[in-house]
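As provided, model09.cif (mmCIF, N, CA and C atoms) reads as follows.
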```cif
data_my_file
#
loop_
_atom_site.label_atom_id
_atom_site.label_comp_id
_atom_site.auth_asym_id
_atom_site.auth_seq_id
_atom_site.Cartn_x
_atom_site.Cartn_y
_atom_site.Cartn_z
N MET F 161 -9.77 -118.24 -42.65
CA MET F 161 -10.39 -117.81 -41.40
C MET F 161 -11.63 -118.66 -41.15
N TYR F 162 -11.62 -119.38 -40.06
CA TYR F 162 -12.72 -120.28 -39.74
C TYR F 162 -13.43 -119.80 -38.48
N GLY F 163 -13.95 -118.61 -38.53
CA GLY F 163 -14.66 -118.07 -37.39
C GLY F 163 -14.61 -116.57 -37.39
N ASP F 164 -15.62 -115.95 -38.01
CA ASP F 164 -15.69 -114.50 -38.00
C ASP F 164 -16.19 -114.04 -36.64
N ASP F 165 -16.02 -112.75 -36.36
CA ASP F 165 -16.40 -112.22 -35.05
C ASP F 165 -17.88 -112.47 -34.73
N GLU F 166 -18.73 -112.39 -35.73
CA GLU F 166 -20.16 -112.59 -35.49
C GLU F 166 -20.44 -114.02 -35.00
N THR F 167 -19.82 -115.01 -35.65
CA THR F 167 -20.00 -116.41 -35.25
C THR F 167 -19.41 -116.64 -33.87
N ILE F 168 -18.21 -116.12 -33.65
CA ILE F 168 -17.56 -116.28 -32.35
C ILE F 168 -18.42 -115.67 -31.24
N ARG F 169 -18.90 -114.46 -31.47
CA ARG F 169 -19.74 -113.79 -30.47
C ARG F 169 -21.02 -114.59 -30.21
N ARG F 170 -21.63 -115.10 -31.27
CA ARG F 170 -22.87 -115.88 -31.12
C ARG F 170 -22.62 -117.13 -30.27
N ILE F 171 -21.54 -117.84 -30.57
CA ILE F 171 -21.24 -119.07 -29.80
C ILE F 171 -20.98 -118.72 -28.33
N LEU F 172 -20.23 -117.65 -28.10
CA LEU F 172 -19.85 -117.31 -26.73
C LEU F 172 -20.98 -116.68 -25.92
N THR F 173 -21.94 -116.03 -26.58
CA THR F 173 -22.94 -115.29 -25.81
C THR F 173 -24.37 -115.78 -25.99
N GLU F 174 -24.67 -116.49 -27.08
CA GLU F 174 -26.06 -116.85 -27.34
C GLU F 174 -26.33 -118.35 -27.45
N THR F 175 -25.30 -119.13 -27.69
CA THR F 175 -25.51 -120.54 -28.03
C THR F 175 -25.87 -121.38 -26.82
N GLY F 176 -25.43 -120.98 -25.64
CA GLY F 176 -25.71 -121.75 -24.43
C GLY F 176 -24.49 -121.85 -23.57
N ASP F 177 -24.70 -122.25 -22.33
CA ASP F 177 -23.62 -122.21 -21.35
C ASP F 177 -23.06 -123.56 -20.95
N THR F 178 -23.49 -124.65 -21.58
CA THR F 178 -22.93 -125.96 -21.24
C THR F 178 -21.94 -126.36 -22.32
N TRP F 179 -20.68 -126.36 -21.94
CA TRP F 179 -19.59 -126.65 -22.87
C TRP F 179 -18.93 -127.98 -22.51
N ALA F 180 -18.99 -128.94 -23.43
CA ALA F 180 -18.22 -130.18 -23.28
C ALA F 180 -16.82 -129.90 -23.80
N VAL F 181 -15.82 -130.14 -22.98
CA VAL F 181 -14.43 -129.89 -23.37
C VAL F 181 -13.75 -131.24 -23.58
N VAL F 182 -13.60 -131.61 -24.85
CA VAL F 182 -13.03 -132.91 -25.20
C VAL F 182 -11.52 -132.83 -25.11
N GLY F 183 -10.96 -133.69 -24.25
CA GLY F 183 -9.53 -133.68 -24.00
C GLY F 183 -9.17 -133.07 -22.66
N LEU F 184 -10.18 -132.64 -21.89
CA LEU F 184 -9.93 -132.03 -20.58
C LEU F 184 -9.71 -133.10 -19.53
N SER F 185 -8.55 -133.02 -18.90
CA SER F 185 -8.21 -133.93 -17.80
C SER F 185 -7.71 -133.09 -16.63
N SER F 186 -7.30 -133.75 -15.58
CA SER F 186 -6.79 -133.04 -14.40
C SER F 186 -5.34 -132.61 -14.56
N ASN F 187 -4.75 -132.80 -15.73
CA ASN F 187 -3.37 -132.40 -15.99
C ASN F 187 -3.30 -130.87 -16.13
N ARG F 188 -2.78 -130.23 -15.10
CA ARG F 188 -2.75 -128.76 -15.06
C ARG F 188 -1.84 -128.15 -16.11
N SER F 189 -0.93 -128.92 -16.67
CA SER F 189 -0.01 -128.37 -17.67
C SER F 189 -0.60 -128.34 -19.08
N ARG F 190 -1.77 -128.94 -19.25
CA ARG F 190 -2.40 -128.96 -20.58
C ARG F 190 -3.25 -127.69 -20.78
N ALA F 191 -3.28 -127.23 -22.01
CA ALA F 191 -4.03 -126.01 -22.32
C ALA F 191 -5.50 -126.13 -21.95
N ALA F 192 -6.08 -127.30 -22.15
CA ALA F 192 -7.51 -127.48 -21.87
C ALA F 192 -7.85 -127.13 -20.43
N TYR F 193 -6.93 -127.43 -19.51
CA TYR F 193 -7.17 -127.17 -18.09
C TYR F 193 -7.38 -125.67 -17.83
N GLY F 194 -6.47 -124.86 -18.35
CA GLY F 194 -6.55 -123.41 -18.15
C GLY F 194 -7.71 -122.79 -18.91
N VAL F 195 -7.96 -123.24 -20.13
CA VAL F 195 -9.07 -122.70 -20.92
C VAL F 195 -10.39 -123.00 -20.22
N ALA F 196 -10.52 -124.21 -19.68
CA ALA F 196 -11.75 -124.57 -18.97
C ALA F 196 -11.97 -123.65 -17.76
N GLN F 197 -10.89 -123.28 -17.08
CA GLN F 197 -11.02 -122.34 -15.96
C GLN F 197 -11.55 -120.99 -16.43
N VAL F 198 -11.04 -120.51 -17.56
CA VAL F 198 -11.51 -119.24 -18.11
C VAL F 198 -12.99 -119.34 -18.47
N LEU F 199 -13.38 -120.43 -19.12
CA LEU F 199 -14.78 -120.61 -19.48
C LEU F 199 -15.67 -120.56 -18.24
N GLN F 200 -15.24 -121.24 -17.18
CA GLN F 200 -16.01 -121.21 -15.94
C GLN F 200 -16.10 -119.80 -15.37
N ARG F 201 -15.00 -119.07 -15.42
CA ARG F 201 -14.98 -117.71 -14.90
C ARG F 201 -15.99 -116.82 -15.63
N PHE F 202 -16.24 -117.14 -16.89
CA PHE F 202 -17.21 -116.37 -17.67
C PHE F 202 -18.59 -117.03 -17.70
N GLY F 203 -18.85 -117.90 -16.72
CA GLY F 203 -20.20 -118.40 -16.52
C GLY F 203 -20.58 -119.66 -17.27
N LYS F 204 -19.61 -120.32 -17.88
CA LYS F 204 -19.92 -121.54 -18.61
C LYS F 204 -19.82 -122.75 -17.69
N ARG F 205 -20.70 -123.72 -17.89
CA ARG F 205 -20.56 -125.01 -17.24
C ARG F 205 -19.65 -125.85 -18.12
N VAL F 206 -18.58 -126.33 -17.56
CA VAL F 206 -17.58 -127.10 -18.31
C VAL F 206 -17.73 -128.58 -17.96
N VAL F 207 -17.91 -129.39 -18.99
CA VAL F 207 -18.07 -130.83 -18.80
C VAL F 207 -16.84 -131.51 -19.39
N PRO F 208 -16.00 -132.12 -18.54
CA PRO F 208 -14.80 -132.78 -19.05
C PRO F 208 -15.15 -134.05 -19.83
N VAL F 209 -14.51 -134.22 -21.00
CA VAL F 209 -14.66 -135.44 -21.79
C VAL F 209 -13.26 -135.95 -22.07
N HIS F 210 -12.98 -137.11 -21.50
CA HIS F 210 -11.63 -137.69 -21.58
C HIS F 210 -11.76 -139.18 -21.26
N PRO F 211 -10.95 -140.02 -21.88
CA PRO F 211 -11.07 -141.46 -21.59
C PRO F 211 -10.99 -141.80 -20.09
N LYS F 212 -10.28 -140.99 -19.30
CA LYS F 212 -10.18 -141.25 -17.86
C LYS F 212 -11.44 -140.85 -17.11
N ALA F 213 -12.31 -140.05 -17.71
CA ALA F 213 -13.57 -139.60 -17.10
C ALA F 213 -13.34 -139.02 -15.70
N GLU F 214 -12.32 -138.18 -15.58
CA GLU F 214 -12.00 -137.56 -14.29
C GLU F 214 -12.91 -136.38 -13.99
N THR F 215 -13.09 -136.12 -12.70
CA THR F 215 -13.74 -134.89 -12.28
C THR F 215 -12.69 -133.79 -12.34
N VAL F 216 -13.03 -132.70 -13.06
CA VAL F 216 -12.10 -131.58 -13.22
C VAL F 216 -12.86 -130.30 -12.95
N HIS F 217 -12.25 -129.38 -12.21
CA HIS F 217 -12.87 -128.09 -11.88
C HIS F 217 -14.26 -128.30 -11.27
N GLY F 218 -14.40 -129.39 -10.49
CA GLY F 218 -15.66 -129.64 -9.79
C GLY F 218 -16.76 -130.26 -10.64
N GLU F 219 -16.47 -130.59 -11.89
CA GLU F 219 -17.47 -131.18 -12.78
C GLU F 219 -17.13 -132.63 -13.09
N GLN F 220 -18.14 -133.49 -13.01
CA GLN F 220 -17.99 -134.90 -13.34
C GLN F 220 -17.54 -135.04 -14.79
N GLY F 221 -16.55 -135.90 -15.02
CA GLY F 221 -16.08 -136.16 -16.37
C GLY F 221 -16.76 -137.38 -16.98
N TYR F 222 -16.72 -137.44 -18.28
CA TYR F 222 -17.30 -138.55 -19.04
C TYR F 222 -16.28 -139.04 -20.06
N ALA F 223 -16.34 -140.33 -20.35
CA ALA F 223 -15.36 -140.93 -21.27
C ALA F 223 -15.60 -140.51 -22.72
N SER F 224 -16.84 -140.17 -23.06
CA SER F 224 -17.14 -139.76 -24.43
C SER F 224 -18.32 -138.81 -24.42
N LEU F 225 -18.52 -138.10 -25.53
CA LEU F 225 -19.68 -137.22 -25.64
C LEU F 225 -20.98 -138.01 -25.48
N ALA F 226 -21.01 -139.20 -26.06
CA ALA F 226 -22.23 -140.02 -26.00
C ALA F 226 -22.58 -140.41 -24.56
N ASP F 227 -21.59 -140.44 -23.67
CA ASP F 227 -21.83 -140.82 -22.27
C ASP F 227 -22.46 -139.71 -21.44
N ILE F 228 -22.44 -138.48 -21.93
CA ILE F 228 -23.00 -137.35 -21.16
C ILE F 228 -24.52 -137.49 -21.16
N PRO F 229 -25.12 -137.58 -19.96
CA PRO F 229 -26.57 -137.85 -19.89
C PRO F 229 -27.46 -136.61 -19.99
N PHE F 230 -26.94 -135.52 -20.52
CA PHE F 230 -27.72 -134.30 -20.69
C PHE F 230 -27.23 -133.60 -21.95
N ASP F 231 -27.97 -132.58 -22.37
CA ASP F 231 -27.61 -131.84 -23.58
C ASP F 231 -26.39 -130.96 -23.35
N VAL F 232 -25.60 -130.79 -24.39
CA VAL F 232 -24.49 -129.84 -24.36
C VAL F 232 -24.73 -128.83 -25.48
N ASP F 233 -24.31 -127.61 -25.25
CA ASP F 233 -24.52 -126.55 -26.22
C ASP F 233 -23.35 -126.42 -27.19
N VAL F 234 -22.14 -126.49 -26.64
CA VAL F 234 -20.93 -126.31 -27.44
C VAL F 234 -19.97 -127.43 -27.11
N VAL F 235 -19.29 -127.96 -28.13
CA VAL F 235 -18.23 -128.94 -27.92
C VAL F 235 -16.92 -128.27 -28.30
N ASP F 236 -16.04 -128.12 -27.31
CA ASP F 236 -14.73 -127.50 -27.47
C ASP F 236 -13.72 -128.63 -27.57
N VAL F 237 -12.97 -128.67 -28.67
CA VAL F 237 -12.16 -129.84 -29.02
C VAL F 237 -10.67 -129.57 -28.82
N PHE F 238 -10.08 -130.28 -27.87
CA PHE F 238 -8.65 -130.25 -27.59
C PHE F 238 -8.04 -131.61 -27.90
N VAL F 239 -8.12 -132.05 -29.12
CA VAL F 239 -7.51 -133.32 -29.50
C VAL F 239 -6.67 -133.11 -30.75
N ASN F 240 -5.83 -134.07 -31.04
CA ASN F 240 -5.01 -134.07 -32.23
C ASN F 240 -5.89 -133.83 -33.45
N GLY F 241 -5.40 -133.02 -34.37
CA GLY F 241 -6.16 -132.68 -35.56
C GLY F 241 -6.67 -133.88 -36.33
N GLU F 242 -5.94 -134.98 -36.30
CA GLU F 242 -6.36 -136.19 -37.02
C GLU F 242 -7.60 -136.81 -36.40
N LEU F 243 -7.85 -136.55 -35.13
CA LEU F 243 -9.00 -137.12 -34.43
C LEU F 243 -10.17 -136.15 -34.34
N ALA F 244 -9.92 -134.88 -34.64
CA ALA F 244 -10.90 -133.84 -34.41
C ALA F 244 -12.16 -134.00 -35.27
N GLY F 245 -12.01 -134.44 -36.50
CA GLY F 245 -13.17 -134.60 -37.38
C GLY F 245 -14.19 -135.57 -36.82
N ALA F 246 -13.70 -136.67 -36.27
CA ALA F 246 -14.61 -137.65 -35.67
C ALA F 246 -15.33 -137.06 -34.46
N VAL F 247 -14.63 -136.23 -33.70
CA VAL F 247 -15.25 -135.58 -32.54
C VAL F 247 -16.33 -134.60 -33.01
N ALA F 248 -16.05 -133.88 -34.10
CA ALA F 248 -17.05 -132.96 -34.65
C ALA F 248 -18.31 -133.72 -35.05
N ASP F 249 -18.14 -134.88 -35.67
CA ASP F 249 -19.29 -135.70 -36.06
C ASP F 249 -20.06 -136.17 -34.83
N GLU F 250 -19.34 -136.54 -33.76
CA GLU F 250 -19.99 -136.96 -32.52
C GLU F 250 -20.76 -135.79 -31.90
N ALA F 251 -20.20 -134.59 -32.01
CA ALA F 251 -20.86 -133.41 -31.46
C ALA F 251 -22.19 -133.16 -32.16
N VAL F 252 -22.20 -133.29 -33.49
CA VAL F 252 -23.43 -133.11 -34.25
C VAL F 252 -24.44 -134.19 -33.84
N ALA F 253 -23.97 -135.44 -33.74
CA ALA F 253 -24.85 -136.55 -33.35
C ALA F 253 -25.42 -136.33 -31.95
N LYS F 254 -24.63 -135.71 -31.07
CA LYS F 254 -25.06 -135.44 -29.69
C LYS F 254 -26.09 -134.31 -29.64
N GLY F 255 -26.15 -133.53 -30.71
CA GLY F 255 -27.10 -132.42 -30.75
C GLY F 255 -26.52 -131.09 -30.33
N ALA F 256 -25.19 -131.00 -30.23
CA ALA F 256 -24.56 -129.73 -29.88
C ALA F 256 -24.90 -128.67 -30.92
N LYS F 257 -25.05 -127.44 -30.46
CA LYS F 257 -25.40 -126.34 -31.35
C LYS F 257 -24.17 -125.76 -32.06
N ALA F 258 -22.98 -126.01 -31.49
CA ALA F 258 -21.76 -125.46 -32.07
C ALA F 258 -20.57 -126.34 -31.73
N VAL F 259 -19.55 -126.26 -32.58
CA VAL F 259 -18.30 -126.98 -32.37
C VAL F 259 -17.17 -125.96 -32.45
N TRP F 260 -16.21 -126.09 -31.53
CA TRP F 260 -15.09 -125.17 -31.48
C TRP F 260 -13.80 -125.98 -31.48
N PHE F 261 -12.98 -125.81 -32.52
CA PHE F 261 -11.66 -126.45 -32.58
C PHE F 261 -10.63 -125.44 -32.07
N GLN F 262 -9.78 -125.90 -31.19
CA GLN F 262 -8.79 -125.03 -30.57
C GLN F 262 -7.68 -124.62 -31.53
N LEU F 263 -6.82 -123.73 -31.06
CA LEU F 263 -5.68 -123.26 -31.84
C LEU F 263 -4.90 -124.43 -32.42
N GLY F 264 -4.60 -124.35 -33.70
CA GLY F 264 -3.81 -125.39 -34.35
C GLY F 264 -4.62 -126.55 -34.86
N VAL F 265 -5.92 -126.60 -34.57
CA VAL F 265 -6.76 -127.71 -35.02
C VAL F 265 -7.63 -127.23 -36.18
N VAL F 266 -7.35 -127.76 -37.37
CA VAL F 266 -8.09 -127.40 -38.58
C VAL F 266 -8.43 -128.67 -39.34
N ASP F 267 -9.70 -128.83 -39.68
CA ASP F 267 -10.16 -129.94 -40.50
C ASP F 267 -11.27 -129.39 -41.38
N GLU F 268 -10.90 -129.01 -42.60
CA GLU F 268 -11.86 -128.35 -43.49
C GLU F 268 -13.07 -129.23 -43.81
N ALA F 269 -12.86 -130.53 -43.97
CA ALA F 269 -13.98 -131.43 -44.26
C ALA F 269 -14.94 -131.48 -43.08
N ALA F 270 -14.42 -131.52 -41.87
CA ALA F 270 -15.27 -131.51 -40.68
C ALA F 270 -16.04 -130.19 -40.59
N TYR F 271 -15.37 -129.10 -40.90
CA TYR F 271 -16.02 -127.79 -40.89
C TYR F 271 -17.22 -127.80 -41.84
N GLU F 272 -17.02 -128.32 -43.03
CA GLU F 272 -18.11 -128.37 -44.01
C GLU F 272 -19.26 -129.25 -43.53
N ARG F 273 -18.93 -130.40 -42.90
CA ARG F 273 -19.98 -131.29 -42.39
C ARG F 273 -20.79 -130.63 -41.28
N VAL F 274 -20.09 -129.97 -40.36
CA VAL F 274 -20.78 -129.31 -39.24
C VAL F 274 -21.66 -128.18 -39.75
N ARG F 275 -21.15 -127.38 -40.66
CA ARG F 275 -21.93 -126.27 -41.22
C ARG F 275 -23.12 -126.81 -42.02
N ALA F 276 -22.91 -127.90 -42.76
CA ALA F 276 -24.00 -128.50 -43.54
C ALA F 276 -25.10 -129.03 -42.63
N ALA F 277 -24.74 -129.40 -41.39
CA ALA F 277 -25.72 -129.88 -40.42
C ALA F 277 -26.43 -128.71 -39.72
N GLY F 278 -26.09 -127.48 -40.13
CA GLY F 278 -26.76 -126.32 -39.57
C GLY F 278 -26.20 -125.82 -38.25
N ARG F 279 -24.98 -126.24 -37.93
CA ARG F 279 -24.36 -125.84 -36.67
C ARG F 279 -23.29 -124.78 -36.95
N ASP F 280 -23.02 -123.95 -35.94
CA ASP F 280 -21.90 -123.02 -36.02
C ASP F 280 -20.61 -123.76 -35.72
N MET F 281 -19.52 -123.27 -36.31
CA MET F 281 -18.22 -123.87 -36.02
C MET F 281 -17.13 -122.82 -36.15
N VAL F 282 -16.16 -122.95 -35.26
CA VAL F 282 -14.97 -122.13 -35.26
C VAL F 282 -13.78 -123.08 -35.20
N MET F 283 -12.74 -122.77 -35.96
CA MET F 283 -11.51 -123.58 -35.91
C MET F 283 -10.31 -122.67 -35.69
N ASP F 284 -9.28 -123.26 -35.10
CA ASP F 284 -7.99 -122.60 -34.94
C ASP F 284 -8.12 -121.30 -34.14
N ARG F 285 -9.01 -121.31 -33.14
CA ARG F 285 -9.19 -120.16 -32.26
C ARG F 285 -9.32 -120.69 -30.83
N CYS F 286 -9.17 -119.79 -29.87
CA CYS F 286 -9.28 -120.18 -28.46
C CYS F 286 -10.29 -119.28 -27.75
N PRO F 287 -11.31 -119.86 -27.12
CA PRO F 287 -12.29 -119.03 -26.42
C PRO F 287 -11.69 -118.21 -25.29
N ALA F 288 -10.62 -118.69 -24.67
CA ALA F 288 -9.99 -117.94 -23.59
C ALA F 288 -9.35 -116.65 -24.11
N ILE F 289 -9.03 -116.61 -25.38
CA ILE F 289 -8.51 -115.39 -26.02
C ILE F 289 -9.67 -114.56 -26.55
N GLU F 290 -10.66 -115.22 -27.14
CA GLU F 290 -11.76 -114.51 -27.79
C GLU F 290 -12.72 -113.84 -26.81
N ILE F 291 -12.99 -114.45 -25.66
CA ILE F 291 -13.93 -113.86 -24.70
C ILE F 291 -13.46 -112.46 -24.27
N PRO F 292 -12.23 -112.33 -23.78
CA PRO F 292 -11.81 -110.98 -23.38
C PRO F 292 -11.72 -110.02 -24.57
N ARG F 293 -11.31 -110.52 -25.73
CA ARG F 293 -11.19 -109.66 -26.91
C ARG F 293 -12.57 -109.11 -27.30
N LEU F 294 -13.58 -109.96 -27.32
CA LEU F 294 -14.92 -109.51 -27.71
C LEU F 294 -15.55 -108.62 -26.63
N ASN F 295 -15.20 -108.85 -25.38
CA ASN F 295 -15.73 -108.02 -24.30
C ASN F 295 -15.16 -106.60 -24.35
N ARG F 296 -14.04 -106.42 -25.02
CA ARG F 296 -13.45 -105.08 -25.17
C ARG F 296 -14.12 -104.32 -26.31
N ASN F 297 -14.71 -105.06 -27.25
CA ASN F 297 -15.31 -104.40 -28.42
C ASN F 297 -16.70 -103.88 -28.12
#
```

For the file at hand, write its structure as structure tokens.
Amino acid sequence: MYGDDETIRRILTETGDTWAVVGLSSNRSRAAYGVAQVLQRFGKRVVPVHPKAETVHGEQGYASLADIPFDVDVVDVFVNGELAGAVADEAVAKGAKAVWFQLGVVDEAAYERVRAAGRDMVMDRCPAIEIPRLNRN
């Protein structure tokens, strides 16, 4: 289990409202597209991060985390598990307060690095599922 309810609740309610969503593009059939909509519905600013740097859900996209010219609070990672660890490292370097790996994305070494850097991290969970679940509790 890589994300107890306390950590999940803290990231969703206290960590901040600017979420960089790595892997978010204008492709409506991708999970990132729908999850980003849910995040926005719950008051989060969603910043798309994708090599195409497309504007998605009304927000300017950036090709990489390093290209974002402002602080981000949480980095939500929708990339292949083999690439996720590098994104977690970039998130820490960017100064993000938390890293969130989506369902199916697990990298124990990255988890240890992020936690050792003093950041919160959740893996193999989806905020679009967790927000309504925690709001019921």

Report task. Run the PyMOL selection byres (((chain F and resi 189-202 and name CA) around 9) and name CA) mentally over the shown coordinates, then write out the matched residues as a PyMOL selection string, using the chain letters and numbers from the document. Result -> chain F and resi 179+181-188+203-208+216-217+237-238+286-289+291

Report task. Taking the DSSP assignment computed from this structure's backbone, write out as a ChimeraX atom specification all residues of segment 185-270 of chain F that belong to helix (DSSP H, G or I). Result -> /F:191-201,225-227,241-254,268-270

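A straight line drawn from atom C of Thr175 of chain F to atom C of Pro211 of chain F is 26.1 Å long.
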
Query - Backbone DSSP call of strand (DSSP E) for chain F, listed as a ChimeraX atom specification - result: /F:178-182,205-209,234-237,258-261,280-282

Report task. Identify, on the basis of only C-alpha atoms, every residue whose closest approach to Tyr162 of chain F does not exceed 7 Å; exclude the query and any residue fewer than 2 positions from it along the same chain; express the result as a VMD selection string. Result -> chain F and resid 164 282 to 283

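In this model, the gap between atom CA of Ala256 of chain F and atom N of Leu225 of chain F comes to 11.2 Å.
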
Report task. Using the chain letters and numbers from the file, give me the residues hit by the PyMOL selection byres ((chain F and resi 171-174) around 8), as a list in words. Result ->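 Evaluating the PyMOL selection byres ((chain F and resi 171-174) around 8) on this file yields Asp165, Glu166, Thr167, Ile168, Arg169, Arg170, Thr175, Gly176, Asp177, Val234, Lys257, Ala258, Val259, Asp280, Met281, Pro287, Glu290 and Ile291 of chain F.
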
Report task. Would you please work out which residue, of F:Ala269, F:Ala277, F:Ala223, F:Ile228, is nearest to Glu242 of chain F when using only C-alpha atoms? Result ->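 With only C-alpha atoms as the atom set, the closest residue is F:Ala269.
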
Enclose all atoms of segment 179-183 of chain F listed in the file in an axis-aligned box, grow every side by 8 Å, and hand back centre and edge lengths in Å to one decimal, as AutoDock Vina command-line options.
```
--center_x -14.9 --center_y -130.0 --center_z -23.6 --size_x 27.5 --size_y 23.3 --size_z 19.3
```

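A straight line drawn from atom CA of Thr178 of chain F to atom CA of Val265 of chain F is 21.3 Å long.
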
**Report entry** Picked residues, the PyMOL selection byres (((chain F and resi 254 and name CA) around 8) and name CA), expected as a PyMOL selection string
**Finding:** chain F and resi 225-226+231-232+250-253+255-256

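Nearest to Arg279 of chain F of all the residues F:Val247, F:Pro292, F:Gly264, F:Asp233 is F:Asp233, counting only C-alpha atoms.
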
Using the atoms already present, construct all heavy atoms for segment 186-193 of chain F and hand them back as an mmCIF file, keeping the file's coordinate frame.
```
data_model
loop_
_atom_site.group_PDB
_atom_site.id
_atom_site.type_symbol
_atom_site.label_atom_id
_atom_site.label_comp_id
_atom_site.auth_asym_id
_atom_site.auth_seq_id
_atom_site.Cartn_x
_atom_site.Cartn_y
_atom_site.Cartn_z
ATOM 1 N N SER F 186 -7.300 -133.750 -15.580
ATOM 2 C CA SER F 186 -6.790 -133.040 -14.400
ATOM 3 C C SER F 186 -5.340 -132.610 -14.560
ATOM 4 O O SER F 186 -4.750 -132.059 -13.624
ATOM 5 C CB SER F 186 -6.952 -133.904 -13.149
ATOM 6 O OG SER F 186 -6.205 -135.098 -13.300
ATOM 7 N N ASN F 187 -4.750 -132.800 -15.730
ATOM 8 C CA ASN F 187 -3.370 -132.400 -15.990
ATOM 9 C C ASN F 187 -3.300 -130.870 -16.130
ATOM 10 O O ASN F 187 -3.699 -130.317 -17.147
ATOM 11 C CB ASN F 187 -2.861 -133.086 -17.264
ATOM 12 C CG ASN F 187 -1.408 -132.776 -17.560
ATOM 13 O OD1 ASN F 187 -0.834 -131.829 -17.031
ATOM 14 N ND2 ASN F 187 -0.820 -133.584 -18.417
ATOM 15 N N ARG F 188 -2.780 -130.230 -15.100
ATOM 16 C CA ARG F 188 -2.750 -128.760 -15.060
ATOM 17 C C ARG F 188 -1.840 -128.150 -16.110
ATOM 18 O O ARG F 188 -1.963 -126.968 -16.424
ATOM 19 C CB ARG F 188 -2.303 -128.288 -13.673
ATOM 20 C CG ARG F 188 -3.285 -128.625 -12.589
ATOM 21 C CD ARG F 188 -2.693 -128.315 -11.203
ATOM 22 N NE ARG F 188 -3.619 -128.699 -10.161
ATOM 23 C CZ ARG F 188 -4.435 -127.849 -9.558
ATOM 24 N NH1 ARG F 188 -4.434 -126.587 -9.895
ATOM 25 N NH2 ARG F 188 -5.247 -128.271 -8.611
ATOM 26 N N SER F 189 -0.930 -128.920 -16.670
ATOM 27 C CA SER F 189 -0.010 -128.370 -17.670
ATOM 28 C C SER F 189 -0.600 -128.340 -19.080
ATOM 29 O O SER F 189 0.001 -127.774 -19.984
ATOM 30 C CB SER F 189 1.313 -129.160 -17.666
ATOM 31 O OG SER F 189 1.096 -130.469 -18.148
ATOM 32 N N ARG F 190 -1.770 -128.940 -19.250
ATOM 33 C CA ARG F 190 -2.400 -128.960 -20.580
ATOM 34 C C ARG F 190 -3.250 -127.690 -20.780
ATOM 35 O O ARG F 190 -3.872 -127.189 -19.849
ATOM 36 C CB ARG F 190 -3.295 -130.196 -20.731
ATOM 37 C CG ARG F 190 -2.595 -131.531 -20.534
ATOM 38 C CD ARG F 190 -1.628 -131.854 -21.602
ATOM 39 N NE ARG F 190 -2.306 -131.915 -22.889
ATOM 40 C CZ ARG F 190 -1.806 -132.437 -23.972
ATOM 41 N NH1 ARG F 190 -0.599 -132.957 -23.948
ATOM 42 N NH2 ARG F 190 -2.485 -132.453 -25.091
ATOM 43 N N ALA F 191 -3.280 -127.230 -22.010
ATOM 44 C CA ALA F 191 -4.030 -126.010 -22.320
ATOM 45 C C ALA F 191 -5.500 -126.130 -21.950
ATOM 46 O O ALA F 191 -6.114 -125.164 -21.481
ATOM 47 C CB ALA F 191 -3.878 -125.671 -23.798
ATOM 48 N N ALA F 192 -6.080 -127.300 -22.150
ATOM 49 C CA ALA F 192 -7.510 -127.480 -21.870
ATOM 50 C C ALA F 192 -7.850 -127.130 -20.430
ATOM 51 O O ALA F 192 -8.913 -126.580 -20.145
ATOM 52 C CB ALA F 192 -7.938 -128.921 -22.180
ATOM 53 N N TYR F 193 -6.930 -127.430 -19.510
ATOM 54 C CA TYR F 193 -7.170 -127.170 -18.090
ATOM 55 C C TYR F 193 -7.380 -125.670 -17.830
ATOM 56 O O TYR F 193 -8.344 -125.254 -17.201
ATOM 57 C CB TYR F 193 -6.009 -127.717 -17.263
ATOM 58 C CG TYR F 193 -6.275 -127.729 -15.784
ATOM 59 C CD1 TYR F 193 -6.879 -128.820 -15.183
ATOM 60 C CD2 TYR F 193 -5.925 -126.648 -14.981
ATOM 61 C CE1 TYR F 193 -7.128 -128.842 -13.816
ATOM 62 C CE2 TYR F 193 -6.175 -126.654 -13.624
ATOM 63 C CZ TYR F 193 -6.775 -127.753 -13.047
ATOM 64 O OH TYR F 193 -7.027 -127.768 -11.694
#
```
